[in-house]
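Chemist: Questions regarding the structure given below will be posed in turn.
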4 protein chains.
Amino acid sequence: MGSTWGNKLKLSIFGESHGEGIGAVIDGLPAGIDIDLIRVQHELNRRAARGNPLATPRKEGDQVEILSGVFNGKTTGAPLAGLIRNENTRSGDYSKTKDLMRPGHADYASSIRYKGFQDYRGGGHFSGRLTAPLVFAGAIAKEVLRAIQPEISIGSRIVAIGGIKDGAIAHWKEYQDLIKGFKNPAFPLYTPDLEEAMKHEIIAAMEEHDSVGGIVEGFVTGLKPGIGNPFFESIESRLSSLLFSIPAVKGVTFGDGFEIAAKRGSQANDFLRISDHKIETVTNNNGGINGGISNGMPIVFQVAFKPTPSIGKEQQTINLAEKKEALLKIEGRHDPCIVIRAFPVVEAATAICMADFLI
Amino acid sequence: MGSTWGNKLKLSIFGESHGEGIGAVIDGLPAGIDIDLIRVQHELNRRAARGNPLATPRKEGDQVEILSGVFNGKTTGAPLAGLIRNENTRSGDYSKTKDLMRPGHADYASSIRYKGFQDYRGGGHFSGRLTAPLVFAGAIAKEVLRAIQPEISIGSRIVAIGGIKDGAIAHWKEYQDLIKGFKNPAFPLYTPDLEEAMKHEIIAAMEEHDSVGGIVEGFVTGLKPGIGNPFFESIESRLSSLLFSIPAVKGVTFGDGFEIAAKRGSQANDFLRISDHKIETVTNNNGGINGGISNGMPIVFQVAFKPTPSIGKEQQTINLAEKKEALLKIEGRHDPCIVIRAFPVVEAATAICMADFLI
Amino acid sequence: MGSTWGNKLKLSIFGESHGEGIGAVIDGLPAGIDIDLIRVQHELNRRAARGNPLATPRKEGDQVEILSGVFNGKTTGAPLAGLIRNENTRSGDYSKTKDLMRPGHADYASSIRYKGFQDYRGGGHFSGRLTAPLVFAGAIAKEVLRAIQPEISIGSRIVAIGGIKDGAIAHWKEYQDLIKGFKNPAFPLYTPDLEEAMKHEIIAAMEEHDSVGGIVEGFVTGLKPGIGNPFFESIESRLSSLLFSIPAVKGVTFGDGFEIAAKRGSQANDFLRISDHKIETVTNNNGGINGGISNGMPIVFQVAFKPTPSIGKEQQTINLAEKKEALLKIEGRHDPCIVIRAFPVVEAATAICMADFLI
Amino acid sequence: MGSTWGNKLKLSIFGESHGEGIGAVIDGLPAGIDIDLIRVQHELNRRAARGNPLATPRKEGDQVEILSGVFNGKTTGAPLAGLIRNENTRSGDYSKTKDLMRPGHADYASSIRYKGFQDYRGGGHFSGRLTAPLVFAGAIAKEVLRAIQPEISIGSRIVAIGGIKDGAIAHWKEYQDLIKGFKNPAFPLYTPDLEEAMKHEIIAAMEEHDSVGGIVEGFVTGLKPGIGNPFFESIESRLSSLLFSIPAVKGVTFGDGFEIAAKRGSQANDFLRISDHKIETVTNNNGGINGGISNGMPIVFQVAFKPTPSIGKEQQTINLAEKKEALLKIEGRHDPCIVIRAFPVVEAATAICMADFLI
């Protein structure tokens with residue numbers, strides 16, 4: 001329970017970190033959508049961050065095989081299933097520490113939830129590796145959006161790595177340009193000069209066998225006004241339910257988020273005007289959403305990622321089998337900062353959400 | 001679409017601000033649960049904030065009539081329907097300004113979404129008044145929890161009003177006491193001395209025909225470990241989908257939220273220990289949730305409310321019918337700060353979410 | 001659990017036979033649909049069969065009050081809630097026999113399911129009275145279909161009452177005329193001459209303090225080809241899930257139903273042809289559905305209703321409280337044949353199903 | 001859309017007849033359930049009817065690979081995904097006849113539904129081959145039921161092949177024995193002497209390049225009373241939605257089905273009695289269900305299968321691309337009677353439904 005999402009789309013993700021494979025089934029796609037496998041694989045490669053020295057060295061091929069739902073290069077309207085075989089899974093690494101609950105991980109909570117029957121190897125179904133099926137589904141959703149609403153663009157940027165924080169976008173009209181191309185697409189920044197400082201933050205943590213968190217901002221431009229619903233099916237409700245599905249996410253805000261709480265109404269309200277015969281708002285403090293429904297401005301939201309819980313530093317924990325306290329150093333090298341691999345996942349979640357609203 | 005929520009519970013809310021009535025139908029309740037109508041009405045009264053000079057003077061009786069699903073004071077297992085008749089609706093106030101899109105409201109987005117057929121009076125279905133059915137449903141959910149998991153307590157506190165901010169709870173064990181009783185339950189503060197400054201913030205905004213936002217913290221104590229699911233049915237995903245349904249909410253965080261993003265893994269991870277033969281974590285930076293599943297610590301989350309968009313100050317907007325710019329002063333008195341009425345709604349959403357997980 | 005249905009529509013019905021009221025909430029309706037309250041009430045009156053000497057004499061006003069979702073005579077797009085107050089409920093009739101499980105009723109099954117907390121008065125939520133909210137929802141669905149697919153017509157006929165059986169429609173093209181008007185709309189027959197014999201069957205049962213069952217055929221003409229889905233969301237799956245929701249239904253077939261099982265493929269297959277530049281089938285043995293999807297022919301299905309379980313004849317049963325056998329004569333007068341009130345319910349279920357597919 | 005089902009279980013099936021593979025993902029399974037792969041494969045083999053000269057000679061290995069959700073032989077609680085690779089797919093057979101709409105098949109309806117983009121090879125997603133993932137899911141569901149409700153047994157029998165019909169079970173207590181073992185499990189009959197006549201019926205049709213339909217009866221013994229819900233989540237509604245998902249099914253009845261419609265209430269009602277301190281009914285005309293909820297008697301239902309639409313006889317049809325009439329002889333050998341392979345599918349659907357109610 002928990003791995004199925006959607007209203008018009010039905011997305012089902014499956015797999016464990018060290019099982020046979022991981023994948024996704026997407027039901028409800030329109031028929032006749034071109035699926036460009038190179039673009040789809042490119043999204044998976046962005047997540048894998050292959051070759052990035054700051055990312056985990058686990059060699060994840062992440063080659064996806066489409067099992068169904070595509071015929072002659074186009075969707076058939078039947079469920080589209082994609083499978084990524086697991087490779088390089090060294091399960092031996094995990095069995096000896098399976099009773100040591102890794103702090104910050106799902107180990108303890110899932111051991112209770114599944115009475116000890118969960119696949120503990122590498123976090124099992126809770127592994128960050130399960131973001132690959134999400135990215136696959138997002139890549140398919142992007143193909144759908146490209147076909148049915150080509151004016152929509154989905155992008156993301158790194159707002160913060162540890163203590164280094166980039167600023168707010170000066171005006172909502174800049175998102176359109178930003179989305180077209182970052183100076184370094186593998187490290188998308190509004191202020192490219194911060195790249196070095198941010199990377200230094202990651203390296204500093206890595207050298208101390210520690211990790212850092214960060215913030216990603218996602219955005220959607222070109223979304224027509226009038227998309228979304230009140231209450232439980234608002235853009236905020238639907239999108240947050242997907243964003244909080246991404247492992248390590250602890251906060252989601254729209255528009256000015258927590259800063260809007262300190263404002264006066266006269267500062268927070270986005271005044272309306274007519275510019276070039278088009279209705280727009282002057283500011284975009286509400287992140288393009290009022291009453292759960294798009295107002296035609298860019299959808300803007302921020303996502304807080306906690307630092308990777310797997311660290312080499314010694315930590316206090318318990319041995320669940322023996323019911324006693326223990327010390328733990330997590331061996332092997334892990335991502336010192338998930339953020340540099342997480343922004344494509346944020347985009348994928350966004351694409352899935354938008355496709356579910358728009359098909 | 002949008003007003004139905006739930007997996008095991010099926011909640012359907014209905015109504016418009018100035019229609020015949022508002023209400024909720026809750027399907028899936030267990031049979032045999034005592035429903036104490038005085039407690040239920042008390043929750044509605046908390047939301048109504050009757051008598052509070054800082055709240056809107058619209059005299060909302062909010063007397064709920066239970067139409068079905070309760071027999072001899074107990075749930076029957078059949079759908080429980082509650083109806084609150086609208087009173088004191090002065091619809092004449094609204095028709096003359098119906099084409100003026102109120103900034104910060106759903107007026108423009110919903111006009112496009114519903115092609116102008118929405119009930120525009122007082123925001124119609126988008127009105128904050130629709131939080132009354134949510135609170136009703138939450139009150140029923142609290143009755144369910146009281147019966148099936150009496151060790152669970154749900155509480156909330158005001159963390160910020162405009163620029164005045166209360167601090168973090170020093171240790172997670174304090175939540176248990178906090179929940180038992182605030183100095184002023186109508187203005188629940190961890191630091192009661194801040195009440196005057198916060199109220200002053202509201203009055204200052206009101207005097208300038210403006211409004212202020214704020215932050216509410218919700219918490220659940222006594223929740224067993226092992227509740228929740230990975231991914232889309234995580235506690236975070238499910239609870240955030242409800243919290244973002246509350247009008248004016250623009251941010252939801254769990255545990256340390258955005259602050260955790262600036263931390264190192266060694267600071268963010270909650271170390272585990274055994275205390276009094278019970279497993280617990282030393283800190284609670286993850287807000288009681290790992291991998292979407294409860295870990296036995298208090299569930300803690302913060303919710304950012306924007307300032308009430310209805311303000312008396314002159315605002316720039318458009319007349320949608322005439323497609324031209326206009327100025328707008330919203331007449332009548334409105335809540336200068338929704339936060340003082342919103343914390344019971346946060347609790348209601350939390351109770352609904354917990355009941356859906358636990359029944 | 002169980003009283004909520006729909007994908008694009010979300011229908012929630014509530015109420016008990018002798019509670020405050022019964023009703024329905026329908027979320028997901030398009031905005032701007034004309035709601036003609038006279039037509040809506042007419043559907044409820046058809047079900048009530050007021051004035052029909054063969055129907056139960058309980059004076060059910062069944063006046064529906066629309067609480068929300070309609071503004072200026074049109075749907076707003078917000079949930080449409082309708083309430084029918086219960087009248088003439090003589091609860092005293094029921095308390096003395098509450099422990100006697102009425103054979104053929106839900107009494108025993110629901111007593112176990114709800115641990116004795118169900119509202120036992122008149123069957124509570126299991127009462128045939130709950131078909132009134134279904135008919136209300138169906139009437140709203142008919143308004144929607146009238147607006148968005150005016151070429152669709154939904155009709156029904158009585159095929160059998162007890163042992164008296166009407167024949168098959170000679171050719172599928174006749175459905176269009178049939179739907180336009182039956183000789184006696186209150187007793188819709190393909191062979192009107194059978195009316196007397198069927199009524200005699202009912203009277204004969206009534207005179208023996210017994211009841212009879214029957215068969216209703218529902219049909220939809222004007223449905224475009226290509227509506228529906230494979231497998232679990234086929235027209236058959238969706239429609240049968242609604243039809244089996246109607247109390248007393250024990251069988252649902254499409255097209256030739258069980259008779260098709262005795263045929264050869266060459267007899268059962270509907271050959272295709274082009275007539276007047278339109279694609280059609282020669283026969284309609286498949287009831288307008290192939291692979292779960294409409295093929296442009298009339299959708300035709302039959303529904304078996306068991307005899308009303310409430311009869312005056314002495315029956316063997318148990319006293320559940322005392323755990324011993326007992327004899328039971330159900331007092332009062334009940335419908336000797338539910339079929340004459342059930343065909344509008346079959347149409348309502350059909351309309352709800354079609355609206356869910358087509359909006 | 002259409003290939004996802006379930007409340008507590010979430011089942012997603014995928015695949016096309018001639019694509020890479022077919023399979024199913026099942027989310028929501030409890031953790032710790034033993035999965036016996038030999039039993040699972042046995043169910044798939046029953047459907048494949050390998051070696052049966054009356055079944056299609058397509059060599060379907062139907063070896064299932066479990067990709068996730070099972071660890072050390074037990075369910076983990078994470079989604080269980082199973083994949084069956086397609087083999088022996090001779091796609092060349094199909095491309096030349098793709099524009100000829102096969103009567104009785106989904107060809108025409110799905111061509112409109114999916115605008116011609118559906119995978120037309122062998123029926124694509126509409127192929128009877130997709131019953132293999134259903135049977136796989138049913139086999140997993142049987143493992144779940146075996147663990148959590150071992151007293152439940154699920155069985156089925158052939159009631160009719162073409163014009164040869166077996167009789168009703170004399171008394172509901174016989175189902176328990178029947179389920180324990182049929183004389184010929186590959187041809188399960190209440191009256192084994194009918195096997196020859198039924199096989200003759202199939203051979204006669206085959207020799208004329210034709211096919212025959214038939215009827216399957218499914219049953220569940222050992223189900224406790226009180227399982228199920230009213231209305232849309234009744235056992236009848238849920239189970240029929242699955243049974244009508246099976247290709248070729250045109251009718252579903254519970255208990256006496258259409259025959260109950262001709263009865264009097266006094267004949268149709270199942271009187272209650274106490275036998276050996278247990279509550280039971282004398283007869284079981286209602287098929288073990290009242291008000292949608294089990295009453296402790298065997299659940300009994302019948303399913304009508306139409307004759308295989310693929311026949312060698314010449315049929316009248318249309319060429320959709322050329323929009324003109326055409327004649328069609330379907331080449332190759334197809335199942336002359338699907339019934340002899342369908343009864344394990346009926347059991348699978350039943351097991352899935354029961355597991356969804358009971359987990």
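Labeling convention for the structure tokens: chains A, B, ... as they appear, residues from 1 per chain, ligands from 1 in order of appearance.
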For chain B, work out the contacting residues on chain D at 12 Å, counting only C-alpha atoms, and write them as a compact mmCIF listing (two decimals) with C-alpha atoms, in the first residue's frame.
Modeler:
# COMPACT_ATOMS: atom_id res chain seq x y z
CA GLY D 6 -9.00 -2.49 -5.83
CA ASN D 7 -9.57 -0.79 -2.53
CA LYS D 8 -7.14 -2.28 -0.06
CA LEU D 9 -5.28 -4.15 -2.76
CA LYS D 10 -4.27 -2.14 -5.79
CA ASP D 27 0.19 -3.22 -4.00
CA GLY D 28 -1.20 -3.45 -0.50
CA PRO D 30 0.30 -7.83 3.95
CA GLY D 77 4.56 -5.63 2.07
CA ALA D 78 5.98 -3.71 -0.89
CA PRO D 79 4.34 -4.05 -4.32
CA GLY D 228 -18.97 -6.97 2.42
CA ASN D 229 -20.76 -3.69 2.35
CA PRO D 230 -23.99 -2.15 1.16
CA PHE D 231 -24.46 -0.69 -2.31
CA PHE D 232 -21.42 0.02 -4.43
CA GLU D 233 -19.06 -2.07 -2.34
CA PHE D 357 -12.29 -7.58 1.39
Chemist: Any idea what's packed within 6 Å of Gly32 of chain A, counting only C-alpha atoms, ignoring anything in its chain fewer than 3 positions away? Could you give it as a list in words?
Modeler: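 Once the nearby chain positions are removed, what remains is Lys74 and Thr75 of chain A; Phe117 of chain D.
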Chemist: Suppose we keep C-alpha atoms; can you now write the selection as a short mmCIF file (atom, residue, chain, number, x, y, z; two decimals), in the first residue's frame?
Modeler:
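This is the output file part05.cif:
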data_model
loop_
_atom_site.label_atom_id
_atom_site.label_comp_id
_atom_site.auth_asym_id
_atom_site.auth_seq_id
_atom_site.Cartn_x
_atom_site.Cartn_y
_atom_site.Cartn_z
CA LYS A 74 3.49 5.72 -29.85
CA THR A 75 1.34 5.04 -26.82
CA PHE D 117 -3.12 3.56 -32.16
#
Chemist: Quick one, how far is atom CA of Lys165 of chain D from atom CA of Gly296 of chain D?
Modeler: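 Taking atom CA of Lys165 of chain D and atom CA of Gly296 of chain D, their separation equals 27.9 Å.
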Chemist: So which residues touch segment 62-66 of chain D within 12 Å, counting only C-alpha atoms, skipping near sequence neighbours fewer than 4 positions away, as an MDAnalysis selection string?
Modeler: (chainID A and resid 14:16 19:22) or (chainID D and resid 21:26 35:50 58 70:71 73:75 79:88 129:133 135:137 139:140)
Chemist: Run DSSP on the backbone and give me the residues of segment 93-157 of chain C it puts in alpha helix (DSSP H), as a ChimeraX atom specification.
Modeler: /C:93-95,107-113,131-148
Chemist: Based on the selection just made, write C-alpha atoms of those residues as an mmCIF file, in the first residue's frame.
Modeler:
data_model
loop_
_atom_site.group_PDB
_atom_site.id
_atom_site.type_symbol
_atom_site.label_atom_id
_atom_site.label_comp_id
_atom_site.auth_asym_id
_atom_site.auth_seq_id
_atom_site.Cartn_x
_atom_site.Cartn_y
_atom_site.Cartn_z
ATOM 1 C CA ASP C 93 -43.448 -0.721 14.359
ATOM 2 C CA TYR C 94 -39.930 -2.030 14.308
ATOM 3 C CA SER C 95 -38.417 -2.101 17.773
ATOM 4 C CA ASP C 107 -30.861 -8.181 8.896
ATOM 5 C CA TYR C 108 -28.606 -11.061 9.872
ATOM 6 C CA ALA C 109 -25.651 -10.203 7.628
ATOM 7 C CA SER C 110 -25.677 -6.551 8.714
ATOM 8 C CA SER C 111 -26.114 -7.429 12.391
ATOM 9 C CA ILE C 112 -22.846 -9.320 12.210
ATOM 10 C CA ARG C 113 -21.163 -6.717 9.970
ATOM 11 C CA THR C 131 -32.945 4.018 -4.025
ATOM 12 C CA ALA C 132 -34.439 7.512 -3.800
ATOM 13 C CA PRO C 133 -30.988 9.161 -3.512
ATOM 14 C CA LEU C 134 -29.871 6.951 -6.396
ATOM 15 C CA VAL C 135 -32.783 8.166 -8.482
ATOM 16 C CA PHE C 136 -32.026 11.741 -7.486
ATOM 17 C CA ALA C 137 -28.417 11.311 -8.589
ATOM 18 C CA GLY C 138 -29.605 9.642 -11.771
ATOM 19 C CA ALA C 139 -31.928 12.535 -12.479
ATOM 20 C CA ILE C 140 -29.024 14.957 -12.133
ATOM 21 C CA ALA C 141 -26.953 12.689 -14.384
ATOM 22 C CA LYS C 142 -29.751 12.759 -16.962
ATOM 23 C CA GLU C 143 -29.635 16.562 -16.896
ATOM 24 C CA VAL C 144 -25.906 16.394 -17.530
ATOM 25 C CA LEU C 145 -26.305 13.955 -20.412
ATOM 26 C CA ARG C 146 -29.100 16.035 -21.916
ATOM 27 C CA ALA C 147 -26.685 18.990 -21.995
ATOM 28 C CA ILE C 148 -23.494 17.309 -23.164
#
Chemist: Within 12 Å of Leu54 of chain A, counting only C-alpha atoms, which residues show up once you throw out same-chain ones fewer than 2 positions away? Write them as a VMD selection string, please.
Modeler: chain A and resid 48 to 52 56 to 58 186 to 187 198 to 207 211 to 212 333 to 341
Chemist: Can those selected residues be exported to a file as a CSV table (one decimal), in the first residue's frame so that it contains C-alpha atoms?
Modeler:
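Listed below is the output, selection_9.csv:
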chain,number,residue,atom,x,y,z
A,48,ALA,CA,21.6,8.9,-12.1
A,49,ALA,CA,24.1,11.8,-12.3
A,50,ARG,CA,26.5,9.5,-13.9
A,51,GLY,CA,30.1,10.7,-14.0
A,52,ASN,CA,29.4,13.4,-11.3
A,56,THR,CA,27.3,7.9,-5.3
A,57,PRO,CA,29.6,5.7,-7.3
A,58,ARG,CA,27.1,2.8,-7.5
A,186,ALA,CA,23.7,19.6,-14.1
A,187,PHE,CA,23.8,22.2,-11.4
A,198,MET,CA,27.8,25.0,-3.0
A,199,LYS,CA,30.1,22.3,-4.3
A,200,HIS,CA,32.5,23.2,-1.6
A,201,GLU,CA,29.7,22.7,1.0
A,202,ILE,CA,29.2,19.2,-0.3
A,203,ILE,CA,32.9,18.4,-0.4
A,204,ALA,CA,33.4,19.7,3.1
A,205,ALA,CA,30.6,17.4,4.4
A,206,MET,CA,32.0,14.5,2.4
A,207,GLU,CA,35.4,15.0,3.9
A,211,SER,CA,26.2,14.9,4.4
A,212,VAL,CA,24.3,18.1,3.7
A,333,ARG,CA,30.4,5.8,0.0
A,334,HIS,CA,26.9,7.4,-0.3
A,335,ASP,CA,25.6,10.5,-1.9
A,336,PRO,CA,26.9,13.3,0.4
A,337,CYS,CA,24.1,15.5,-1.0
A,338,ILE,CA,21.0,14.1,-2.6
A,339,VAL,CA,19.9,17.5,-3.9
A,340,ILE,CA,22.2,17.3,-7.0
A,341,ARG,CA,20.3,14.2,-8.1
Chemist: Which residues come within 10 Å of Ser237 of chain C, counting only C-alpha atoms, excluding same-chain residues fewer than 6 positions away, as JSON, numbers by chain?
Modeler: {"C": [228, 229, 230, 231, 243, 292], "D": [2, 237, 238, 239, 240, 241, 242, 243, 244, 245, 246]}
Chemist: Write out as a ChimeraX atom specification all residues of segment 227-337 of chain C that DSSP puts in strand (DSSP E) for this structure's backbone.
Modeler: /C:249-254,272-275,278-281,289-290,293-294,299-305,315-319,324-328
Chemist: Take the residues from that selection and write them out as a PDB file, in the first residue's frame, keeping C-alpha atoms.
Modeler:
ATOM      1  CA  VAL C 249     -30.837  -7.415  -7.825  1.00  0.00           C
ATOM      2  CA  LYS C 250     -29.383 -10.918  -8.235  1.00  0.00           C
ATOM      3  CA  GLY C 251     -28.379 -10.976 -11.899  1.00  0.00           C
ATOM      4  CA  VAL C 252     -27.080  -8.695 -14.634  1.00  0.00           C
ATOM      5  CA  THR C 253     -26.540  -9.666 -18.244  1.00  0.00           C
ATOM      6  CA  PHE C 254     -25.534  -7.766 -21.351  1.00  0.00           C
ATOM      7  CA  LEU C 272     -20.501  -5.593 -39.313  1.00  0.00           C
ATOM      8  CA  ARG C 273     -21.858  -3.740 -42.292  1.00  0.00           C
ATOM      9  CA  ILE C 274     -22.055  -0.278 -43.716  1.00  0.00           C
ATOM     10  CA  SER C 275     -25.537   1.133 -43.986  1.00  0.00           C
ATOM     11  CA  LYS C 278     -22.577   4.402 -41.190  1.00  0.00           C
ATOM     12  CA  ILE C 279     -20.915   1.415 -39.604  1.00  0.00           C
ATOM     13  CA  GLU C 280     -23.296  -0.806 -37.723  1.00  0.00           C
ATOM     14  CA  THR C 281     -23.751  -4.418 -36.777  1.00  0.00           C
ATOM     15  CA  ILE C 289     -20.313  -3.588 -26.082  1.00  0.00           C
ATOM     16  CA  ASN C 290     -17.124  -5.302 -27.264  1.00  0.00           C
ATOM     17  CA  ILE C 293     -16.232  -0.466 -25.062  1.00  0.00           C
ATOM     18  CA  SER C 294     -19.318   0.747 -26.886  1.00  0.00           C
ATOM     19  CA  ILE C 299     -26.423  -0.793 -24.936  1.00  0.00           C
ATOM     20  CA  VAL C 300     -28.863  -3.468 -23.773  1.00  0.00           C
ATOM     21  CA  PHE C 301     -28.840  -5.290 -20.466  1.00  0.00           C
ATOM     22  CA  GLN C 302     -31.190  -7.205 -18.231  1.00  0.00           C
ATOM     23  CA  VAL C 303     -31.497  -7.082 -14.479  1.00  0.00           C
ATOM     24  CA  ALA C 304     -33.077  -9.805 -12.337  1.00  0.00           C
ATOM     25  CA  PHE C 305     -34.980  -8.676  -9.258  1.00  0.00           C
ATOM     26  CA  GLN C 315     -41.638 -17.689   7.841  1.00  0.00           C
ATOM     27  CA  GLN C 316     -39.123 -19.667   9.817  1.00  0.00           C
ATOM     28  CA  THR C 317     -36.283 -17.604  11.223  1.00  0.00           C
ATOM     29  CA  ILE C 318     -34.204 -16.956  14.318  1.00  0.00           C
ATOM     30  CA  ASN C 319     -34.223 -14.528  17.174  1.00  0.00           C
ATOM     31  CA  LYS C 324     -33.210 -19.538  19.071  1.00  0.00           C
ATOM     32  CA  GLU C 325     -35.563 -20.339  16.264  1.00  0.00           C
ATOM     33  CA  ALA C 326     -38.749 -18.354  15.792  1.00  0.00           C
ATOM     34  CA  LEU C 327     -41.660 -17.811  13.457  1.00  0.00           C
ATOM     35  CA  LEU C 328     -42.252 -14.464  11.803  1.00  0.00           C
TER      36      LEU C 328
END
Chemist: List the spatial neighbours of Lys329 of chain D as a VMD selection string - criterion: any atom at most 9 Å away, only C-alpha atoms, same-chain residues fewer than 4 positions off excluded.
Modeler: chain D and resid 311 to 315
Chemist: Which residues are close to Gly162 of chain C, i.e. within 7 Å by only C-alpha atoms, leaving aside same-chain residues fewer than 6 positions away? Reply as a PyMOL selection string.
Modeler: (chain C and resi 201+212-214) or (chain D and resi 261-263)
